[in-house]
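Text of run.cif (mmCIF, C-alpha atoms) as supplied:
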```cif
data_upload
#
loop_
_atom_site.label_atom_id
_atom_site.label_comp_id
_atom_site.auth_asym_id
_atom_site.auth_seq_id
_atom_site.Cartn_x
_atom_site.Cartn_y
_atom_site.Cartn_z
CA MET A 1 -20.15 -21.94 -18.22
CA SER A 2 -20.98 -19.92 -15.10
CA VAL A 3 -23.13 -16.86 -14.60
CA ILE A 4 -23.38 -14.20 -11.90
CA LYS A 5 -26.78 -12.56 -12.02
CA GLY A 6 -28.99 -10.05 -10.26
CA GLY A 7 -26.40 -7.65 -8.87
CA THR A 8 -25.25 -4.12 -9.68
CA LEU A 9 -22.31 -4.44 -12.05
CA VAL A 10 -19.49 -1.87 -11.84
CA THR A 11 -17.05 -2.72 -14.61
CA GLY A 12 -14.00 -0.83 -13.28
CA ASP A 13 -13.64 1.51 -16.26
CA GLY A 14 -14.69 4.52 -14.15
CA LYS A 15 -17.90 5.05 -16.13
CA THR A 16 -20.08 1.97 -16.32
CA VAL A 17 -22.71 0.83 -13.80
CA ILE A 18 -25.38 -1.71 -14.82
CA LYS A 19 -28.31 -2.49 -12.55
CA ASN A 20 -29.75 -6.03 -12.49
CA ALA A 21 -26.78 -7.28 -14.45
CA TYR A 22 -25.33 -10.61 -15.41
CA VAL A 23 -21.75 -11.70 -16.08
CA ARG A 24 -20.97 -15.00 -17.80
CA PHE A 25 -17.56 -16.65 -17.70
CA GLU A 26 -16.15 -19.91 -18.98
CA ASN A 27 -13.06 -21.38 -17.38
CA ASP A 28 -10.98 -18.31 -16.53
CA LEU A 29 -12.37 -15.76 -19.03
CA ILE A 30 -15.41 -13.48 -19.15
CA VAL A 31 -17.48 -14.23 -22.24
CA ASP A 32 -20.50 -11.94 -21.85
CA PHE A 33 -22.15 -9.37 -19.59
CA GLY A 34 -25.15 -7.11 -19.74
CA GLU A 35 -28.44 -5.98 -18.21
CA GLY A 36 -31.43 -8.14 -17.36
CA GLU A 37 -31.79 -11.87 -17.75
CA CYS A 38 -28.88 -13.86 -19.03
CA PRO A 39 -29.71 -14.95 -22.61
CA THR A 40 -28.76 -18.59 -21.99
CA THR A 41 -29.18 -21.11 -19.21
CA ASP A 42 -25.98 -21.98 -17.42
CA ASN A 43 -25.17 -24.84 -15.10
CA ASP A 44 -23.46 -22.78 -12.40
CA VAL A 45 -25.53 -19.76 -11.27
CA ILE A 46 -24.33 -17.32 -8.61
CA ASP A 47 -27.08 -15.14 -7.17
CA ALA A 48 -25.74 -11.59 -6.70
CA ALA A 49 -28.97 -9.99 -5.47
CA GLY A 50 -28.09 -7.22 -3.00
CA CYS A 51 -24.49 -7.16 -4.16
CA VAL A 52 -22.16 -4.96 -6.17
CA VAL A 53 -20.27 -7.07 -8.71
CA MET A 54 -16.87 -5.60 -9.57
CA PRO A 55 -13.35 -6.57 -10.61
CA GLY A 56 -11.07 -7.92 -7.91
CA VAL A 57 -9.15 -5.21 -6.08
CA ILE A 58 -5.56 -4.66 -7.26
CA ASP A 59 -3.37 -3.70 -4.30
CA HIS A 60 -0.27 -2.04 -5.71
CA HIS A 61 1.40 -1.25 -2.36
CA ILE A 62 1.70 -4.04 0.21
CA HIS A 63 4.53 -5.37 2.40
CA GLY A 64 5.02 -8.69 4.14
CA VAL A 65 3.81 -10.95 1.33
CA THR A 66 7.05 -12.80 0.45
CA MET A 67 9.76 -14.38 2.57
CA GLY A 68 12.19 -11.71 1.33
CA PRO A 69 13.65 -8.84 3.38
CA LEU A 70 11.01 -6.51 4.80
CA PHE A 71 10.66 -2.82 4.00
CA PRO A 72 13.19 -0.38 2.53
CA SER A 73 15.17 -1.02 5.73
CA GLY A 74 15.89 -4.62 4.64
CA ALA A 75 14.61 -6.05 7.93
CA LYS A 76 14.41 -9.76 8.68
CA PRO A 77 11.83 -11.66 6.60
CA LEU A 78 8.55 -12.86 8.06
CA SER A 79 7.91 -16.54 8.62
CA ARG A 80 6.13 -18.56 5.97
CA GLU A 81 3.16 -18.85 8.35
CA LYS A 82 2.91 -15.08 8.78
CA VAL A 83 3.17 -14.47 5.05
CA SER A 84 0.43 -17.04 4.46
CA SER A 85 -1.81 -15.30 7.00
CA HIS A 86 -1.29 -12.04 5.13
CA HIS A 87 -2.31 -13.72 1.86
CA LYS A 88 -5.49 -14.98 3.53
CA LYS A 89 -6.32 -11.54 4.90
CA LEU A 90 -5.86 -9.93 1.50
CA LEU A 91 -8.08 -12.46 -0.24
CA GLU A 92 -10.84 -12.07 2.33
CA GLN A 93 -10.66 -8.30 1.79
CA GLY A 94 -11.51 -8.77 -1.89
CA ILE A 95 -7.97 -8.32 -3.18
CA THR A 96 -7.05 -10.60 -6.07
CA THR A 97 -3.78 -9.07 -7.32
CA ILE A 98 -0.96 -7.60 -5.24
CA LEU A 99 2.29 -5.79 -5.91
CA ASN A 100 5.01 -6.66 -3.42
CA VAL A 101 6.85 -3.43 -2.59
CA ASP A 102 9.47 -5.01 -0.34
CA GLY A 103 11.83 -4.29 -3.17
CA PHE A 104 14.83 -6.27 -1.92
CA ALA A 105 13.08 -9.62 -2.44
CA THR A 106 14.51 -11.80 -5.20
CA MET A 107 12.43 -13.51 -7.87
CA ARG A 108 13.17 -16.80 -6.14
CA GLU A 109 11.42 -15.49 -3.02
CA VAL A 110 8.56 -14.01 -5.04
CA ASN A 111 8.00 -17.28 -6.88
CA GLU A 112 8.01 -19.16 -3.59
CA ALA A 113 5.23 -16.87 -2.35
CA ARG A 114 3.28 -17.30 -5.59
CA ALA A 115 3.23 -21.05 -5.06
CA MET A 116 1.54 -20.56 -1.68
CA THR A 117 -1.62 -18.70 -2.74
CA PRO A 118 -4.19 -18.08 -5.48
CA LEU A 119 -3.34 -14.38 -5.24
CA ARG A 120 -1.75 -12.96 -8.36
CA ILE A 121 1.59 -11.61 -7.05
CA GLN A 122 3.74 -9.10 -8.91
CA THR A 123 6.87 -7.45 -7.54
CA CYS A 124 8.92 -4.27 -7.45
CA THR A 125 12.67 -4.00 -7.29
CA SER A 126 14.80 -1.57 -5.29
CA HIS A 127 18.14 -3.32 -5.77
CA THR A 128 20.29 -0.21 -6.18
CA ALA A 129 23.49 0.74 -4.37
CA THR A 130 22.03 3.72 -2.55
CA ASN A 131 18.93 1.83 -1.45
CA PHE A 132 21.15 -0.87 0.04
CA LYS A 133 23.16 1.83 1.80
CA ALA A 134 19.99 3.36 3.28
CA ALA A 135 18.79 -0.05 4.49
CA LEU A 136 22.09 -0.85 6.16
CA ALA A 137 22.09 2.54 7.90
CA VAL A 138 18.98 1.63 9.88
CA ASP A 139 18.79 -2.19 9.81
CA GLY A 140 19.68 -4.52 6.90
CA SER A 141 19.37 -7.64 9.05
CA GLY A 142 17.40 -9.44 6.32
CA LEU A 143 19.88 -8.78 3.53
CA THR A 144 22.09 -11.63 2.36
CA GLU A 145 24.75 -11.83 -0.33
CA GLU A 146 22.04 -13.05 -2.70
CA HIS A 147 20.07 -9.82 -2.21
CA LEU A 148 23.10 -7.55 -2.26
CA ASN A 149 24.29 -9.09 -5.53
CA THR A 150 20.91 -8.72 -7.27
CA THR A 151 20.34 -5.74 -9.59
CA VAL A 152 17.36 -3.80 -10.87
CA GLU A 153 18.17 -4.84 -14.43
CA GLN A 154 18.28 -8.51 -13.44
CA MET A 155 14.98 -8.29 -11.56
CA LEU A 156 13.19 -6.57 -14.45
CA LYS A 157 14.47 -9.21 -16.86
CA GLU A 158 13.22 -11.96 -14.54
CA GLY A 159 9.74 -10.50 -14.12
CA ALA A 160 9.66 -7.50 -11.77
CA ILE A 161 7.37 -4.82 -13.23
CA MET A 162 8.58 -1.57 -11.64
CA VAL A 163 11.00 0.13 -9.24
CA GLY A 164 9.99 0.64 -5.61
CA GLU A 165 9.15 1.19 -2.83
CA ILE A 166 11.86 3.81 -2.57
CA GLY A 167 12.19 5.17 0.93
CA GLY A 168 9.80 4.19 3.68
CA GLY A 169 8.73 5.04 7.18
CA HIS A 170 11.66 2.96 8.37
CA THR A 171 14.31 4.98 6.50
CA LEU A 172 12.56 8.37 6.34
CA GLY A 173 11.30 8.85 9.89
CA GLY A 174 7.73 7.70 9.29
CA GLY A 175 5.36 5.05 10.57
CA GLY A 176 7.96 2.27 10.36
CA GLN A 177 10.01 4.11 12.95
CA ASP A 178 6.88 4.66 15.06
CA TYR A 179 5.84 1.02 15.31
CA LEU A 180 9.23 -0.70 15.05
CA TYR A 181 12.56 0.97 15.62
CA ILE A 182 11.79 3.75 18.13
CA PRO A 183 9.68 1.54 20.46
CA LYS A 184 12.33 -1.18 20.27
CA ALA A 185 15.14 1.22 21.23
CA ILE A 186 13.19 2.74 24.10
CA LYS A 187 12.13 -0.65 25.45
CA GLU A 188 15.74 -1.84 25.42
CA LYS A 189 16.76 1.18 27.51
CA THR A 190 13.78 1.48 29.87
CA GLY A 191 11.64 -1.66 29.67
CA VAL A 192 8.65 0.51 28.71
CA GLU A 193 6.65 -0.53 25.63
CA LEU A 194 5.32 2.41 23.64
CA GLU A 195 2.37 2.41 21.28
CA PRO A 196 3.15 3.69 17.76
CA MET A 197 1.38 7.01 18.29
CA GLN A 198 3.30 7.56 21.52
CA ALA A 199 6.56 6.95 19.67
CA ARG A 200 5.40 9.35 16.95
CA ARG A 201 4.66 12.04 19.50
CA LEU A 202 8.18 11.76 20.93
CA LYS A 203 9.69 11.74 17.45
CA VAL A 204 7.80 14.88 16.41
CA ALA A 205 8.76 16.59 19.68
CA VAL A 206 12.42 15.92 18.90
CA LEU A 207 12.53 16.32 15.11
CA GLY A 208 9.23 17.83 13.98
CA ARG A 209 7.04 16.51 11.16
CA HIS A 210 9.70 17.27 8.56
CA ILE A 211 12.50 15.50 10.52
CA ASN A 212 14.88 18.31 11.37
CA LEU A 213 16.64 18.98 14.69
CA ASP A 214 15.86 22.68 14.29
CA ASN A 215 12.32 21.71 15.30
CA TYR A 216 13.36 20.37 18.73
CA ASP A 217 10.73 21.18 21.37
CA SER A 218 12.10 20.61 24.87
CA GLU A 219 8.80 21.17 26.66
CA ALA A 220 6.98 18.75 24.38
CA VAL A 221 9.64 16.09 24.98
CA LYS A 222 9.40 16.50 28.76
CA ALA A 223 5.60 16.38 28.72
CA ALA A 224 5.51 13.23 26.57
CA MET A 225 8.12 11.45 28.67
CA LYS A 226 6.18 12.19 31.83
CA GLU A 227 2.87 11.07 30.33
CA PHE A 228 4.33 7.82 28.99
CA GLY A 229 6.03 6.84 32.25
CA LEU A 230 9.56 7.51 31.01
CA ASP A 231 10.38 10.35 33.37
CA GLY A 232 13.24 9.21 35.59
CA LEU A 233 14.09 6.25 33.37
CA MET A 234 15.85 8.37 30.74
CA SER A 235 17.05 11.95 30.69
CA GLU A 236 15.71 14.37 28.13
CA GLU A 237 19.09 14.36 26.41
CA GLU A 238 19.11 10.56 26.30
CA MET A 239 15.67 10.57 24.73
CA LYS A 240 16.77 13.12 22.15
CA GLN A 241 19.81 11.02 21.27
CA THR A 242 17.80 7.79 21.10
CA ILE A 243 15.30 9.29 18.65
CA CYS A 244 18.08 10.79 16.55
CA ASP A 245 20.04 7.53 16.49
CA CYS A 246 16.96 5.69 15.20
CA VAL A 247 15.82 8.20 12.60
CA LEU A 248 18.67 10.32 11.26
CA PRO A 249 21.37 7.89 9.99
CA SER A 250 19.28 6.80 6.99
CA MET A 251 17.53 10.08 6.13
CA ASP A 252 19.88 11.74 3.66
CA VAL A 253 20.94 8.55 1.91
CA ALA A 254 17.32 7.40 1.58
CA LEU A 255 16.46 10.67 -0.15
CA ASP A 256 19.50 10.31 -2.41
CA ALA A 257 18.10 6.92 -3.49
CA PHE A 258 15.03 8.69 -4.96
CA THR A 259 16.97 10.17 -7.85
CA GLU A 260 18.85 6.93 -8.49
CA ALA A 261 15.54 5.05 -8.67
CA ALA A 262 13.88 7.62 -10.95
CA GLN A 263 16.80 7.36 -13.33
CA ALA A 264 16.51 3.56 -13.32
CA GLY A 265 12.78 3.76 -13.98
CA MET A 266 13.33 6.06 -16.94
CA ARG A 267 16.22 3.95 -18.25
CA TYR A 268 14.13 0.77 -18.30
CA GLY A 269 10.80 2.39 -19.11
CA VAL A 270 8.93 1.31 -15.96
CA PRO A 271 7.09 3.22 -13.23
CA SER A 272 8.72 3.93 -9.87
CA LEU A 273 6.98 4.27 -6.50
CA TYR A 274 8.13 6.53 -3.64
CA HIS A 275 7.35 7.06 0.03
CA ASN A 276 5.45 10.36 0.01
CA SER A 277 5.50 12.14 3.37
CA ALA A 278 6.32 15.51 4.86
CA PRO A 279 10.09 14.77 4.92
CA SER A 280 10.18 13.46 1.33
CA ALA A 281 7.56 15.54 -0.50
CA GLU A 282 9.97 18.17 -1.78
CA ARG A 283 12.18 15.50 -3.36
CA ILE A 284 9.20 13.77 -5.01
CA ILE A 285 8.00 17.07 -6.46
CA GLU A 286 11.47 17.59 -7.95
CA LEU A 287 11.40 14.11 -9.47
CA SER A 288 7.93 14.61 -10.94
CA GLU A 289 9.24 17.65 -12.81
CA LYS A 290 12.02 15.64 -14.48
CA TYR A 291 11.03 11.99 -14.72
CA PRO A 292 7.99 10.13 -16.09
CA ASN A 293 5.86 7.50 -14.33
CA ILE A 294 6.40 8.72 -10.78
CA ILE A 295 3.94 7.30 -8.21
CA ALA A 296 3.59 9.15 -4.90
CA ALA A 297 2.58 6.51 -2.35
CA HIS A 298 0.14 7.08 0.55
CA SER A 299 -0.21 10.78 -0.33
CA ALA A 300 -2.38 11.47 2.72
CA HIS A 301 0.46 10.29 4.99
CA PRO A 302 -0.12 11.17 8.67
CA SER A 303 3.05 13.30 8.76
CA PHE A 304 1.23 15.83 6.55
CA GLU A 305 -1.28 18.38 7.64
CA LEU A 306 -4.33 17.99 5.38
CA GLN A 307 -3.96 21.13 3.30
CA GLU A 308 -0.24 20.45 2.91
CA ALA A 309 -0.99 16.93 1.63
CA LEU A 310 -3.54 18.22 -0.87
CA GLU A 311 -1.19 20.90 -2.19
CA VAL A 312 1.67 18.42 -2.62
CA ALA A 313 -0.65 16.06 -4.48
CA ARG A 314 -1.92 18.82 -6.78
CA ILE A 315 1.63 19.77 -7.76
CA ILE A 316 2.69 16.18 -8.42
CA LYS A 317 -0.39 15.56 -10.58
CA GLU A 318 0.13 18.79 -12.50
CA ASN A 319 3.67 17.58 -13.22
CA GLY A 320 2.33 14.30 -14.59
CA GLY A 321 2.87 12.11 -11.53
CA LEU A 322 0.33 9.67 -10.08
CA ILE A 323 -1.32 9.92 -6.67
CA ASP A 324 -1.87 6.89 -4.45
CA LEU A 325 -3.86 6.83 -1.22
CA ALA A 326 -3.41 4.06 1.34
CA THR A 327 -6.01 2.97 3.86
CA ILE A 328 -3.27 2.05 6.38
CA ASP A 329 -5.22 1.13 9.56
CA CYS A 330 -7.62 4.08 9.65
CA TYR A 331 -10.77 1.98 10.14
CA GLY A 332 -9.57 -0.82 12.41
CA ALA A 333 -6.52 -0.91 14.67
CA LYS A 334 -5.92 2.86 14.40
CA LYS A 335 -2.41 2.46 15.78
CA ILE A 336 -0.68 4.26 12.90
CA CYS A 337 -3.45 6.48 11.54
CA ASP A 338 -6.82 7.22 13.13
CA SER A 339 -8.36 9.79 10.78
CA THR A 340 -10.28 9.29 7.54
CA GLU A 341 -10.85 13.00 6.88
CA SER A 342 -8.15 13.12 4.22
CA PHE A 343 -9.86 10.46 2.07
CA THR A 344 -12.95 12.64 1.82
CA ALA A 345 -10.92 15.65 0.75
CA PHE A 346 -8.76 13.80 -1.79
CA TYR A 347 -11.73 12.18 -3.53
CA LYS A 348 -13.78 15.40 -3.52
CA GLU A 349 -10.92 17.18 -5.29
CA ASP A 350 -10.55 14.30 -7.77
CA LEU A 351 -6.90 13.85 -6.82
CA VAL A 352 -6.90 10.08 -6.40
CA ASP A 353 -5.47 7.93 -9.19
CA MET A 354 -5.14 4.70 -7.20
CA ILE A 355 -5.76 3.31 -3.73
CA SER A 356 -3.82 0.64 -1.83
CA THR A 357 -3.32 -0.76 1.67
CA ASP A 358 0.32 -0.16 2.65
CA TYR A 359 1.11 -2.25 5.75
CA ALA A 360 0.59 -0.52 9.15
CA GLY A 361 2.51 -3.20 11.00
CA GLY A 362 0.25 -5.86 9.48
CA ASN A 363 -2.92 -4.07 10.62
CA TRP A 364 -3.90 -2.60 7.24
CA ASP A 365 -7.56 -2.14 6.33
CA SER A 366 -9.11 -3.01 2.99
CA PRO A 367 -9.28 -0.32 0.28
CA LEU A 368 -12.97 -1.22 0.13
CA CYS A 369 -13.38 0.51 3.51
CA THR A 370 -12.37 3.78 1.89
CA LEU A 371 -14.56 3.17 -1.16
CA GLU A 372 -17.51 2.57 1.16
CA GLN A 373 -16.81 5.82 3.00
CA VAL A 374 -16.33 8.13 0.04
CA VAL A 375 -19.27 6.74 -1.95
CA ARG A 376 -21.73 6.89 0.95
CA GLU A 377 -20.81 10.46 1.81
CA GLY A 378 -20.93 11.56 -1.84
CA SER A 379 -17.26 12.46 -2.22
CA THR A 380 -17.22 10.62 -5.55
CA THR A 381 -19.38 8.26 -7.58
CA LEU A 382 -19.44 4.49 -7.20
CA GLU A 383 -17.99 3.94 -10.66
CA LYS A 384 -15.08 6.37 -10.12
CA ALA A 385 -14.33 4.98 -6.68
CA VAL A 386 -14.20 1.39 -7.92
CA ALA A 387 -11.86 2.37 -10.76
CA THR A 388 -9.27 3.70 -8.26
CA ALA A 389 -8.96 0.17 -6.85
CA THR A 390 -9.23 -1.75 -10.14
CA GLY A 391 -9.17 -0.40 -13.69
CA ASN A 392 -7.02 2.66 -12.99
CA VAL A 393 -4.33 0.52 -11.39
CA ALA A 394 -4.26 -1.95 -14.28
CA LYS A 395 -3.99 0.92 -16.77
CA MET A 396 -1.45 3.06 -14.89
CA ILE A 397 0.93 0.27 -13.89
CA PRO A 398 1.60 -1.81 -17.00
CA GLY A 399 2.12 -5.46 -16.20
CA ILE A 400 0.50 -5.49 -12.77
CA ALA A 401 -2.73 -7.16 -13.89
CA PRO A 402 -2.44 -8.34 -17.50
CA ASN A 403 -5.90 -8.85 -18.96
CA ALA A 404 -7.61 -7.96 -15.65
CA GLY A 405 -8.82 -4.93 -13.68
CA VAL A 406 -12.05 -4.46 -15.63
CA ILE A 407 -15.06 -6.62 -16.41
CA ALA A 408 -15.18 -6.99 -20.18
CA CYS A 409 -15.38 -9.78 -22.73
CA GLY A 410 -12.11 -11.68 -22.99
CA LYS A 411 -10.80 -10.40 -19.65
CA LEU A 412 -9.86 -12.69 -16.79
CA ALA A 413 -12.70 -13.69 -14.48
CA ASP A 414 -11.22 -12.02 -11.39
CA ILE A 415 -14.48 -10.83 -9.85
CA ILE A 416 -15.71 -9.98 -6.37
CA LEU A 417 -19.20 -9.64 -4.93
CA VAL A 418 -19.62 -7.14 -2.09
CA ASP A 419 -22.64 -6.01 -0.07
CA GLU A 420 -24.34 -3.09 -1.83
CA ASN A 421 -25.02 -1.55 1.61
CA ASP A 422 -21.43 -1.99 2.81
CA LEU A 423 -18.81 -2.26 0.10
CA ALA A 424 -16.23 -3.50 2.61
CA ASN A 425 -18.36 -6.58 3.31
CA VAL A 426 -16.97 -9.13 0.86
CA LYS A 427 -19.33 -11.98 -0.01
CA ARG A 428 -17.42 -13.85 -2.71
CA VAL A 429 -14.04 -13.70 -4.42
CA ILE A 430 -13.51 -15.38 -7.80
CA ILE A 431 -10.02 -15.67 -9.30
CA GLY A 432 -9.60 -17.14 -12.76
CA GLY A 433 -13.18 -18.36 -12.68
CA LYS A 434 -12.78 -20.25 -9.38
CA THR A 435 -14.45 -19.22 -6.13
CA ILE A 436 -11.71 -18.65 -3.57
CA VAL A 437 -13.67 -16.83 -0.85
CA HIS A 438 -17.30 -17.61 -0.02
CA ASP A 439 -19.41 -15.78 2.56
CA GLY A 440 -16.35 -13.74 3.44
CA LYS A 441 -14.13 -16.72 4.32
CA LEU A 442 -11.29 -18.34 2.41
CA ILE A 443 -12.22 -21.81 1.15
CA ASP A 444 -9.77 -24.40 2.45
#
```

Would you write out, as structure tokens, the structure that this file holds?
Amino acid sequence: MSVIKGGTLVTGDGKTVIKNAYVRFENDLIVDFGEGECPTTDNDVIDAAGCVVMPGVIDHHIHGVTMGPLFPSGAKPLSREKVSSHHKKLLEQGITTILNVDGFATMREVNEARAMTPLRIQTCTSHTATNFKAALAVDGSGLTEEHLNTTVEQMLKEGAIMVGEIGGGHTLGGGGQDYLYIPKAIKEKTGVELEPMQARRLKVAVLGRHINLDNYDSEAVKAAMKEFGLDGLMSEEEMKQTICDCVLPSMDVALDAFTEAAQAGMRYGVPSLYHNSAPSAERIIELSEKYPNIIAAHSAHPSFELQEALEVARIIKENGGLIDLATIDCYGAKKICDSTESFTAFYKEDLVDMISTDYAGGNWDSPLCTLEQVVREGSTTLEKAVATATGNVAKMIPGIAPNAGVIACGKLADIILVDENDLANVKRVIIGGKTIVHDGKLID
């Protein structure tokens, strides 16, 4: 029997906070919790003074965690070493359960990743004809016959829990284009390496935020090319064509895949998760009017203006859809997104159902960074904030965290201790009753 005592317990149900609390667990299950002194003496005592004790974070939107094809573009898989480093990063950020949204991975690849880590790994599936077509339009270098012959029905029978991620920055002119395909194409032609935000600026100058050639801004293209040292290395027309060749081939087919995926989700009775951005918002709103269990990913996407993002989220929620926020890299690298203003607004308006990481080229920040921000500035309460990373996710995505997500008797002992003065400062991670991270570092 083990006991955590002396901390502030937030159970993850969105309502309950207990000061000077204790939590007892035996083997992998919670057997008791409450306020004050623990009623029995236990052999293993964890002092949680100065800490918030809460369920492990459930990250329902993360890439790069299996050796399967990356992203909705079906790019080449990461190495085993890189995947393992991602697992370590997630654990040290207080994340105990993840949902792989590289939906072309097979269950063989998911099970291989599960064997590498104490993380609880669930998976999506996006094995539909139109999703394959969208991937091949922009990349598809990671797709083999095994992937192309796998189906949504097969994946769900073998253990996948939902459909997704449908569309992505790689196929819908978003961040994946900014940090991967556009910089790669421009470097091949000029030798110049662009930062993601530089690539985004060129993309928006050519196609606008909503990805449409009617938005072409010649003066903005010229100014960006000059500033980034590309003037004289490419003509304006060559730049326009390069951006279009990267972004446009997959756009329409990727949007067509949204309806196909929603139909599959409804047919099999599982949720489906979609890339929510300025170019795709109209399609997601249409889906939310017709299909159940629609999840709008990263709903504060940097392609939106703030008020636009809030209005899209309000409509989707009114239609019965679910709203996800993603930290991306807003607090650290800031290569994809450098503003946290939207988190404040979304939490103040009570629009957030769930929060996740997404990927940001591997530079994602912990959801706990956002919880720290919005709680300290009073945008929401501690108990509501914690629920968006734990209990809400377990409840809204059936199968993602069976018997976890909240601290209650009989639930799994997936528990984290974080600094009460900085929720992003993870002190200890316990999975199934075993300490995996201590003093912020993964135990070898």

Item to check | Non-local contacts of region 328-342 of chain A (6 Å; all atoms listed in the file; under 6 positions in same chain excluded) as a ChimeraX atom specification | outcome: /A:357-358,360,363-365

Just C-alpha atoms for this one: save the residues we selected as a compact mmCIF listing (two decimals), in the frame of the given file.
```
# COMPACT_ATOMS: atom_id res chain seq x y z
CA THR A 357 -3.32 -0.76 1.67
CA ASP A 358 0.32 -0.16 2.65
CA ALA A 360 0.59 -0.52 9.15
CA ASN A 363 -2.92 -4.07 10.62
CA TRP A 364 -3.90 -2.60 7.24
CA ASP A 365 -7.56 -2.14 6.33
```

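Within 9 Å of Val83 (chain A), once only C-alpha atoms are used and residues closer than 5 positions along the same chain are dropped, the contacting residues are Gly64, Val65, Thr66, Met67, Leu78, Lys88 and Ala113 of chain A.
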
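Counting from CA of Phe346 (chain A), the distance to CA of Asp324 (chain A) is 10.1 Å.
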
Item to check | Separation of CA of Gly103 (chain A) from CA of Met251 (chain A) in Å | outcome: 18.0 Å

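Nearest residue to Asn425 (chain A) among A:Gln177, A:Gln241, A:Ser126, A:Gln93 is A:Gln93, counting only C-alpha atoms.
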
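Nearest residue to Lys240 (chain A), choosing from A:Asn215, A:Gln373, A:Thr259, A:Asn100 and counting all atoms listed in the file: A:Asn215.
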
Checklist entry - At a cut-off of 10 Å from (-13.9, -9.7, -5.5) in the coordinates of the file, what residues are picked up using only C-alpha atoms, written as a list in words? => result Val52, Val53, Met54, Pro55, Gly56, Val57, Ile58, Leu91, Glu92, Gln93, Gly94, Ile95, Thr96, Ala413, Asp414, Ile415, Ile416, Leu417, Val418, Val426, Lys427, Arg428, Val429, Ile430, Ile431, Thr435, Ile436 and Val437 of chain A

Checklist entry - Near Thr171 (chain A), counting all atoms listed in the file, which residues have an atom at most 6 Å away, once you skip same-chain residues fewer than 3 positions from it, shown as a VMD selection string? => result chain A and resid 167 to 168 250

Checklist entry - What does the PyMOL selection byres ((chain A and resi 403) around 12) select in this file, as an MDAnalysis selection string? => result chainID A and resid 28:30 55 97 390:391 394:395 398:402 404:414 432

Using only C-alpha atoms, please write the residues we just selected to a file, as a short mmCIF file (atom, residue, chain, number, x, y, z; two decimals), keeping the file's coordinate frame.
```cif
data_model
loop_
_atom_site.label_atom_id
_atom_site.label_comp_id
_atom_site.auth_asym_id
_atom_site.auth_seq_id
_atom_site.Cartn_x
_atom_site.Cartn_y
_atom_site.Cartn_z
CA ASP A 28 -10.98 -18.31 -16.53
CA LEU A 29 -12.37 -15.76 -19.03
CA ILE A 30 -15.41 -13.48 -19.15
CA PRO A 55 -13.35 -6.57 -10.61
CA THR A 97 -3.78 -9.07 -7.32
CA THR A 390 -9.23 -1.75 -10.14
CA GLY A 391 -9.17 -0.40 -13.69
CA ALA A 394 -4.26 -1.95 -14.28
CA LYS A 395 -3.99 0.92 -16.77
CA PRO A 398 1.60 -1.81 -17.00
CA GLY A 399 2.12 -5.46 -16.20
CA ILE A 400 0.50 -5.49 -12.77
CA ALA A 401 -2.73 -7.16 -13.89
CA PRO A 402 -2.44 -8.34 -17.50
CA ALA A 404 -7.61 -7.96 -15.65
CA GLY A 405 -8.82 -4.93 -13.68
CA VAL A 406 -12.05 -4.46 -15.63
CA ILE A 407 -15.06 -6.62 -16.41
CA ALA A 408 -15.18 -6.99 -20.18
CA CYS A 409 -15.38 -9.78 -22.73
CA GLY A 410 -12.11 -11.68 -22.99
CA LYS A 411 -10.80 -10.40 -19.65
CA LEU A 412 -9.86 -12.69 -16.79
CA ALA A 413 -12.70 -13.69 -14.48
CA ASP A 414 -11.22 -12.02 -11.39
CA GLY A 432 -9.60 -17.14 -12.76
#
```

Checklist entry - Could you write out as a ChimeraX atom specification the residues that the PyMOL selection byres ((chain A and resi 315-323) around 12) matches in the shown file? => result /A:262,271-276,281-301,308-314,324-326,346-347,349-356,388,392-393,395-397

Residues within 12 Å of Leu143 (chain A), only C-alpha atoms, excluding chain neighbours under 2 positions, as a compact mmCIF listing (two decimals) with C-alpha atoms, keeping the file's coordinate frame:
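Output saved as out_26.txt:
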```txt
# COMPACT_ATOMS: atom_id res chain seq x y z
CA MET A 67 9.76 -14.38 2.57
CA GLY A 68 12.19 -11.71 1.33
CA PRO A 69 13.65 -8.84 3.38
CA LEU A 70 11.01 -6.51 4.80
CA PHE A 71 10.66 -2.82 4.00
CA PRO A 72 13.19 -0.38 2.53
CA SER A 73 15.17 -1.02 5.73
CA GLY A 74 15.89 -4.62 4.64
CA ALA A 75 14.61 -6.05 7.93
CA LYS A 76 14.41 -9.76 8.68
CA PRO A 77 11.83 -11.66 6.60
CA ASP A 102 9.47 -5.01 -0.34
CA GLY A 103 11.83 -4.29 -3.17
CA PHE A 104 14.83 -6.27 -1.92
CA ALA A 105 13.08 -9.62 -2.44
CA THR A 106 14.51 -11.80 -5.20
CA HIS A 127 18.14 -3.32 -5.77
CA ASN A 131 18.93 1.83 -1.45
CA PHE A 132 21.15 -0.87 0.04
CA LYS A 133 23.16 1.83 1.80
CA ALA A 135 18.79 -0.05 4.49
CA LEU A 136 22.09 -0.85 6.16
CA ASP A 139 18.79 -2.19 9.81
CA GLY A 140 19.68 -4.52 6.90
CA SER A 141 19.37 -7.64 9.05
CA GLU A 145 24.75 -11.83 -0.33
CA GLU A 146 22.04 -13.05 -2.70
CA HIS A 147 20.07 -9.82 -2.21
CA LEU A 148 23.10 -7.55 -2.26
CA ASN A 149 24.29 -9.09 -5.53
CA THR A 150 20.91 -8.72 -7.27
```

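Note that CA of Gly169 (chain A) and CA of Arg114 (chain A) are 26.3 Å apart.
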